[in-house]
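Everything below concerns the one structure shown next.
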Amino acid sequence: MSRILVVEDESAIAELIAINMRHAGYEVTVAANSEQAQAAVDGVLPDLVVLDWMLPGQSGLALAKGWRAQARTRELPIIMLTARAEEGDKISGLDAGADDYLTKPFSTSELLARIRAVLRRKAPEALDTLVEIGGLQLDPATRRVSREEREVKVGPTEFRLLHFFMTHPERVHSRSQLLDRVWGDHVFIEERTVDVHIKRLREALDVVGCAGMIETVRGAGYRMTRQQQQQQQPRQPHRLAQADTAE
Ligand code: CA
């Protein structure tokens with residue numbers, strides 16, 4: 001179930017949106033201003049934010065810019081709402097990092113359609129598409145992980161973790177980012193939990209020789225790579241010997 005944060009100070013509009021979203025199966029949180037919105041995002045990262053431009057205090061536009069400048073919230077999908085209908089405003093909204101833009105008054109069915117579209121674009125890991133990296137295959141439809149026909153047995157958390165890694169390869173993810181994206185919670189789970197599941201995932205992948213695909217990046221987090229490090233043999237003296245003969 002996708003979590004949606006609705007930031008709207010007009011309670012009647014906020015309520016109307018929230019009711020329709022919940023009816024469509026989303027989990028909805030409503031914030032009436034920037035401070036409440038920031039507090040909500042600091043707690044649990046939503047899957048998408050419906051953000052009103054005109055808010056008391058800090059504007060929705062400033063809030064969106066702030067989120068885009070932070071690593072944790074950089075990719076947070078945002079649909080901007082506004083009473084303004086001018087082309088210049090639309091461009092400013094999209095420049096500030098909004099993924100889509102809707103002018104009031106709008107129909108809730110249009111908002112729902114836009115939400116679905118943005119979520120589809122932003123969350124390839126939510127799709128049931130088979131992913132493959134370095135011979136390792138993960139099939140969300142059957143929840144199977146395998147390499148060259150050999151099945152890898154992974155628990156549900158390791159499966160989600162691996163799915164996230166495989167759909168976001170070659171990038172370093174901090175523990176708190178992983179908590180947000182895989183566990184969906186930034187606050188109530190200790191970062192050490194991530195290490196425990198990484199260890200289990202590596203053990204599972206070791207069976208098919210893929211444990212090295214999950215790299216620890218010291219001081220930064222974890223990364224999945226298709227070019228896993230070869231078992232570290234003491235090759236240094238050999239290389240030195242070659243260099244010597246070359247000279
Ligand atoms: Ca407003």
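Chain labels run A, B, ... following the order of the structure tokens; each chain numbers its residues from 1, and ligands are numbered from 1 in the order shown.
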Extract, using only C-alpha atoms, all DNA, RNA and protein residues at most 8 Å from A:Leu119, discarding same-chain residues fewer than 4 positions from it, and format them as a PDB file with C-alpha atoms, in the first residue's frame.
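The resulting file, result.pdb, is shown below:
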ATOM      1  CA  ASP A  47       5.729   7.295  -1.449  1.00  0.00           C
ATOM      2  CA  LEU A  48       4.279  10.522  -2.830  1.00  0.00           C
ATOM      3  CA  PRO A  77       7.562  12.173  -5.825  1.00  0.00           C
ATOM      4  CA  ILE A 115      -0.791   9.872  -8.684  1.00  0.00           C
ATOM      5  CA  ALA A 123       8.887   3.172  -8.444  1.00  0.00           C
TER       6      ALA A 123
END
Inset, instruction - For ligand 1, collect every residue having any atom at a distance of at most 12 Å from a ligand atom (counting only C-alpha atoms and all ligand atoms); output as a VMD selection string. - result: chain A and resid 6 to 14 31 to 34 50 to 61 80 to 84 103 to 105
Just the selected residues (N, CA and C atoms), exported as a short mmCIF file (atom, residue, chain, number, x, y, z; two decimals), in the first residue's frame, please.
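Writing done, so here's again.cif:
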data_model
loop_
_atom_site.label_atom_id
_atom_site.label_comp_id
_atom_site.auth_asym_id
_atom_site.auth_seq_id
_atom_site.Cartn_x
_atom_site.Cartn_y
_atom_site.Cartn_z
N VAL A 6 -0.61 14.38 2.16
CA VAL A 6 -1.35 15.49 1.56
C VAL A 6 -1.05 16.74 2.38
N VAL A 7 -0.44 17.75 1.74
CA VAL A 7 -0.12 18.99 2.44
C VAL A 7 -1.04 20.08 1.90
N GLU A 8 -2.00 20.43 2.69
CA GLU A 8 -3.05 21.37 2.25
C GLU A 8 -3.66 22.03 3.48
N ASP A 9 -3.66 23.37 3.49
CA ASP A 9 -4.16 24.07 4.68
C ASP A 9 -5.68 24.23 4.67
N GLU A 10 -6.29 24.13 3.50
CA GLU A 10 -7.76 24.23 3.46
C GLU A 10 -8.33 22.86 3.81
N SER A 11 -8.87 22.77 5.02
CA SER A 11 -9.24 21.45 5.55
C SER A 11 -10.30 20.75 4.69
N ALA A 12 -11.20 21.51 4.10
CA ALA A 12 -12.24 20.87 3.27
C ALA A 12 -11.62 20.16 2.07
N ILE A 13 -10.66 20.83 1.43
CA ILE A 13 -9.99 20.23 0.26
C ILE A 13 -9.13 19.05 0.71
N ALA A 14 -8.40 19.25 1.82
CA ALA A 14 -7.54 18.17 2.33
C ALA A 14 -8.37 16.93 2.62
N ALA A 31 -1.18 17.01 6.34
CA ALA A 31 -0.45 18.05 7.06
C ALA A 31 -1.03 19.39 6.62
N ALA A 32 -1.20 20.31 7.58
CA ALA A 32 -1.86 21.59 7.27
C ALA A 32 -0.87 22.71 6.97
N ASN A 33 0.41 22.45 7.20
CA ASN A 33 1.42 23.49 6.90
C ASN A 33 2.78 22.82 6.69
N SER A 34 3.78 23.64 6.36
CA SER A 34 5.12 23.12 6.06
C SER A 34 5.75 22.40 7.24
N VAL A 50 1.26 15.09 -2.16
CA VAL A 50 0.38 16.02 -2.87
C VAL A 50 0.55 17.34 -2.11
N LEU A 51 1.15 18.31 -2.78
CA LEU A 51 1.61 19.50 -2.07
C LEU A 51 0.95 20.77 -2.60
N ASP A 52 0.24 21.44 -1.72
CA ASP A 52 -0.39 22.71 -2.10
C ASP A 52 0.68 23.81 -2.15
N TRP A 53 0.63 24.62 -3.14
CA TRP A 53 1.60 25.71 -3.31
C TRP A 53 1.42 26.76 -2.21
N MET A 54 0.16 27.22 -2.06
CA MET A 54 -0.11 28.30 -1.12
C MET A 54 -0.41 27.76 0.26
N LEU A 55 0.58 27.87 1.14
CA LEU A 55 0.42 27.42 2.51
C LEU A 55 0.73 28.60 3.43
N PRO A 56 0.15 28.60 4.62
CA PRO A 56 0.52 29.66 5.58
C PRO A 56 1.98 29.44 5.99
N GLY A 57 2.76 30.49 6.14
CA GLY A 57 4.18 30.34 6.47
C GLY A 57 4.95 29.95 5.22
N GLN A 58 5.84 28.97 5.37
CA GLN A 58 6.65 28.54 4.22
C GLN A 58 5.76 27.96 3.12
N SER A 59 6.00 28.37 1.89
CA SER A 59 5.16 27.92 0.77
C SER A 59 5.49 26.49 0.37
N GLY A 60 4.56 25.90 -0.35
CA GLY A 60 4.78 24.55 -0.85
C GLY A 60 5.95 24.51 -1.80
N LEU A 61 6.12 25.60 -2.55
CA LEU A 61 7.22 25.68 -3.51
C LEU A 61 8.57 25.62 -2.79
N MET A 80 2.21 18.92 -7.31
CA MET A 80 1.93 20.26 -6.80
C MET A 80 0.49 20.66 -7.13
N LEU A 81 -0.18 21.24 -6.14
CA LEU A 81 -1.54 21.76 -6.34
C LEU A 81 -1.49 23.27 -6.28
N THR A 82 -2.23 23.92 -7.10
CA THR A 82 -2.25 25.37 -7.00
C THR A 82 -3.51 25.97 -7.58
N ALA A 83 -3.83 27.14 -7.08
CA ALA A 83 -4.97 27.88 -7.61
C ALA A 83 -4.51 28.69 -8.81
N ARG A 84 -3.22 28.84 -8.95
CA ARG A 84 -2.68 29.62 -10.06
C ARG A 84 -2.73 28.79 -11.33
N THR A 103 -3.95 22.17 -11.39
CA THR A 103 -4.54 23.46 -11.05
C THR A 103 -5.93 23.27 -10.44
N LYS A 104 -6.16 23.98 -9.35
CA LYS A 104 -7.49 23.94 -8.71
C LYS A 104 -8.47 24.78 -9.52
N PRO A 105 -9.71 24.41 -9.61
CA PRO A 105 -10.27 23.16 -9.09
C PRO A 105 -9.96 21.99 -10.03
#
Per DSSP on the backbone, filter stretch 103-165 of chain A down to the residues in helix (DSSP H, G or I) and report them as a PDB file with N, CA, C and O atoms, in the first residue's frame.
ATOM      1  N   THR A 108     -11.060  14.750  -8.515  1.00  0.00           N
ATOM      2  CA  THR A 108     -10.263  13.791  -7.753  1.00  0.00           C
ATOM      3  C   THR A 108      -9.846  12.607  -8.629  1.00  0.00           C
ATOM      4  O   THR A 108      -8.799  12.032  -8.427  1.00  0.00           O
ATOM      5  N   SER A 109     -10.665  12.305  -9.637  1.00  0.00           N
ATOM      6  CA  SER A 109     -10.266  11.185 -10.499  1.00  0.00           C
ATOM      7  C   SER A 109      -9.032  11.564 -11.318  1.00  0.00           C
ATOM      8  O   SER A 109      -8.173  10.722 -11.588  1.00  0.00           O
ATOM      9  N   GLU A 110      -8.922  12.852 -11.680  1.00  0.00           N
ATOM     10  CA  GLU A 110      -7.717  13.266 -12.387  1.00  0.00           C
ATOM     11  C   GLU A 110      -6.505  13.198 -11.458  1.00  0.00           C
ATOM     12  O   GLU A 110      -5.441  12.712 -11.842  1.00  0.00           O
ATOM     13  N   LEU A 111      -6.694  13.657 -10.226  1.00  0.00           N
ATOM     14  CA  LEU A 111      -5.589  13.596  -9.262  1.00  0.00           C
ATOM     15  C   LEU A 111      -5.147  12.139  -9.062  1.00  0.00           C
ATOM     16  O   LEU A 111      -3.951  11.835  -9.070  1.00  0.00           O
ATOM     17  N   LEU A 112      -6.120  11.241  -8.934  1.00  0.00           N
ATOM     18  CA  LEU A 112      -5.790   9.826  -8.753  1.00  0.00           C
ATOM     19  C   LEU A 112      -5.014   9.272  -9.953  1.00  0.00           C
ATOM     20  O   LEU A 112      -4.048   8.526  -9.784  1.00  0.00           O
ATOM     21  N   ALA A 113      -5.442   9.671 -11.147  1.00  0.00           N
ATOM     22  CA  ALA A 113      -4.749   9.206 -12.354  1.00  0.00           C
ATOM     23  C   ALA A 113      -3.312   9.720 -12.379  1.00  0.00           C
ATOM     24  O   ALA A 113      -2.381   8.976 -12.710  1.00  0.00           O
ATOM     25  N   ARG A 114      -3.133  10.976 -11.971  1.00  0.00           N
ATOM     26  CA  ARG A 114      -1.771  11.549 -11.945  1.00  0.00           C
ATOM     27  C   ARG A 114      -0.908  10.858 -10.889  1.00  0.00           C
ATOM     28  O   ARG A 114       0.272  10.624 -11.098  1.00  0.00           O
ATOM     29  N   ILE A 115      -1.518  10.562  -9.754  1.00  0.00           N
ATOM     30  CA  ILE A 115      -0.791   9.872  -8.684  1.00  0.00           C
ATOM     31  C   ILE A 115      -0.311   8.511  -9.178  1.00  0.00           C
ATOM     32  O   ILE A 115       0.856   8.146  -9.020  1.00  0.00           O
ATOM     33  N   ARG A 116      -1.210   7.777  -9.818  1.00  0.00           N
ATOM     34  CA  ARG A 116      -0.828   6.454 -10.333  1.00  0.00           C
ATOM     35  C   ARG A 116       0.314   6.578 -11.340  1.00  0.00           C
ATOM     36  O   ARG A 116       1.264   5.804 -11.304  1.00  0.00           O
ATOM     37  N   ALA A 117       0.221   7.587 -12.205  1.00  0.00           N
ATOM     38  CA  ALA A 117       1.250   7.768 -13.234  1.00  0.00           C
ATOM     39  C   ALA A 117       2.601   8.099 -12.608  1.00  0.00           C
ATOM     40  O   ALA A 117       3.627   7.533 -12.980  1.00  0.00           O
ATOM     41  N   VAL A 118       2.600   9.002 -11.634  1.00  0.00           N
ATOM     42  CA  VAL A 118       3.867   9.394 -10.994  1.00  0.00           C
ATOM     43  C   VAL A 118       4.462   8.204 -10.233  1.00  0.00           C
ATOM     44  O   VAL A 118       5.653   7.935 -10.316  1.00  0.00           O
ATOM     45  N   LEU A 119       3.610   7.461  -9.522  1.00  0.00           N
ATOM     46  CA  LEU A 119       4.106   6.308  -8.770  1.00  0.00           C
ATOM     47  C   LEU A 119       4.698   5.261  -9.716  1.00  0.00           C
ATOM     48  O   LEU A 119       5.718   4.649  -9.417  1.00  0.00           O
ATOM     49  N   ARG A 120       4.063   5.080 -10.860  1.00  0.00           N
ATOM     50  CA  ARG A 120       4.573   4.122 -11.850  1.00  0.00           C
ATOM     51  C   ARG A 120       5.951   4.535 -12.346  1.00  0.00           C
ATOM     52  O   ARG A 120       6.855   3.720 -12.454  1.00  0.00           O
ATOM     53  N   ARG A 121       6.083   5.829 -12.637  1.00  0.00           N
ATOM     54  CA  ARG A 121       7.361   6.320 -13.150  1.00  0.00           C
ATOM     55  C   ARG A 121       8.463   6.221 -12.109  1.00  0.00           C
ATOM     56  O   ARG A 121       9.601   5.932 -12.418  1.00  0.00           O
ATOM     57  N   LYS A 122       8.089   6.532 -10.864  1.00  0.00           N
ATOM     58  CA  LYS A 122       9.101   6.672  -9.818  1.00  0.00           C
ATOM     59  C   LYS A 122       9.472   5.370  -9.135  1.00  0.00           C
ATOM     60  O   LYS A 122      10.476   5.320  -8.452  1.00  0.00           O
ATOM     61  N   PRO A 124      10.008   1.759 -10.097  1.00  0.00           N
ATOM     62  CA  PRO A 124      10.083   0.545 -10.902  1.00  0.00           C
ATOM     63  C   PRO A 124      10.107  -0.714 -10.035  1.00  0.00           C
ATOM     64  O   PRO A 124       9.691  -1.766 -10.465  1.00  0.00           O
ATOM     65  N   GLU A 125      10.574  -0.572  -8.775  1.00  0.00           N
ATOM     66  CA  GLU A 125      10.653  -1.755  -7.911  1.00  0.00           C
ATOM     67  C   GLU A 125       9.266  -2.243  -7.503  1.00  0.00           C
ATOM     68  O   GLU A 125       9.113  -3.332  -7.009  1.00  0.00           O
ATOM     69  N   ALA A 126       8.261  -1.386  -7.716  1.00  0.00           N
ATOM     70  CA  ALA A 126       6.914  -1.795  -7.351  1.00  0.00           C
ATOM     71  C   ALA A 126       6.300  -2.660  -8.448  1.00  0.00           C
ATOM     72  O   ALA A 126       5.299  -3.306  -8.252  1.00  0.00           O
ATOM     73  N   PRO A 156      11.573 -12.708   3.542  1.00  0.00           N
ATOM     74  CA  PRO A 156      10.821 -11.591   2.940  1.00  0.00           C
ATOM     75  C   PRO A 156      11.551 -10.245   2.999  1.00  0.00           C
ATOM     76  O   PRO A 156      11.525  -9.483   2.031  1.00  0.00           O
ATOM     77  N   THR A 157      12.228  -9.965   4.102  1.00  0.00           N
ATOM     78  CA  THR A 157      12.946  -8.687   4.207  1.00  0.00           C
ATOM     79  C   THR A 157      14.150  -8.673   3.281  1.00  0.00           C
ATOM     80  O   THR A 157      14.408  -7.684   2.582  1.00  0.00           O
ATOM     81  N   GLU A 158      14.871  -9.796   3.235  1.00  0.00           N
ATOM     82  CA  GLU A 158      16.033  -9.874   2.339  1.00  0.00           C
ATOM     83  C   GLU A 158      15.570  -9.777   0.878  1.00  0.00           C
ATOM     84  O   GLU A 158      16.259  -9.202   0.047  1.00  0.00           O
ATOM     85  N   PHE A 159      14.399 -10.322   0.598  1.00  0.00           N
ATOM     86  CA  PHE A 159      13.857 -10.238  -0.762  1.00  0.00           C
ATOM     87  C   PHE A 159      13.607  -8.776  -1.139  1.00  0.00           C
ATOM     88  O   PHE A 159      14.018  -8.313  -2.205  1.00  0.00           O
ATOM     89  N   ARG A 160      12.957  -8.038  -0.240  1.00  0.00           N
ATOM     90  CA  ARG A 160      12.673  -6.618  -0.524  1.00  0.00           C
ATOM     91  C   ARG A 160      13.974  -5.817  -0.644  1.00  0.00           C
ATOM     92  O   ARG A 160      14.119  -4.943  -1.487  1.00  0.00           O
ATOM     93  N   LEU A 161      14.924  -6.145   0.234  1.00  0.00           N
ATOM     94  CA  LEU A 161      16.218  -5.460   0.213  1.00  0.00           C
ATOM     95  C   LEU A 161      16.935  -5.721  -1.116  1.00  0.00           C
ATOM     96  O   LEU A 161      17.420  -4.799  -1.776  1.00  0.00           O
ATOM     97  N   LEU A 162      16.951  -6.982  -1.521  1.00  0.00           N
ATOM     98  CA  LEU A 162      17.605  -7.343  -2.773  1.00  0.00           C
ATOM     99  C   LEU A 162      16.892  -6.710  -3.971  1.00  0.00           C
ATOM    100  O   LEU A 162      17.536  -6.216  -4.899  1.00  0.00           O
ATOM    101  N   HIS A 163      15.567  -6.681  -3.914  1.00  0.00           N
ATOM    102  CA  HIS A 163      14.797  -6.067  -4.996  1.00  0.00           C
ATOM    103  C   HIS A 163      15.157  -4.588  -5.113  1.00  0.00           C
ATOM    104  O   HIS A 163      15.373  -4.072  -6.211  1.00  0.00           O
ATOM    105  N   PHE A 164      15.252  -3.922  -3.990  1.00  0.00           N
ATOM    106  CA  PHE A 164      15.614  -2.503  -4.011  1.00  0.00           C
ATOM    107  C   PHE A 164      17.030  -2.331  -4.575  1.00  0.00           C
ATOM    108  O   PHE A 164      17.262  -1.494  -5.451  1.00  0.00           O
ATOM    109  N   PHE A 165      17.959  -3.133  -4.105  1.00  0.00           N
ATOM    110  CA  PHE A 165      19.340  -3.041  -4.608  1.00  0.00           C
ATOM    111  C   PHE A 165      19.392  -3.280  -6.122  1.00  0.00           C
ATOM    112  O   PHE A 165      20.063  -2.569  -6.855  1.00  0.00           O
TER     113      PHE A 165
END
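All residues of stretch 53-146 of chain A that DSSP, run on the backbone, classes as strand (DSSP E) are Ile78, Ile79, Met80, Leu81, Thr82, Asp100, Tyr101, Leu102, Thr103, Val131, Glu132, Ile133, Leu136, Gln137, Leu138, Asp139, Arg144, Val145 and Ser146 of chain A.
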Inset, instruction - Work out how far atom CA of A:Ala98 is from atom CA of A:Ile17, in Å to one decimal. - result: 18.2 Å
Inset, instruction - Go through A:Ala64, A:Val207, A:Leu5, A:Ala141 and flag the residue nearest A:Asp99, using only C-alpha atoms for the distances. - result: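 Checking each candidate against A:Asp99, we get A:Ala64 as the closest.
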Inset, instruction - In Å, rounded to a single decimal, give me how far atom CA of A:Val196 is from atom CA of A:Arg226. - result: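 It comes out at 22.1 Å.
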Inset, instruction - Tell me which of A:Glu170, A:Glu190, A:Glu148, A:Asp180 sits closest to A:Val217, counting only C-alpha atoms. - result: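 Of all the options, A:Glu170 lies closest to A:Val217.
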Legend entry - Å distance separating atom CA of A:His168 from atom CA of A:Thr225, one decimal place: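 Between atom CA of A:His168 and atom CA of A:Thr225 the gap works out to 9.7 Å.
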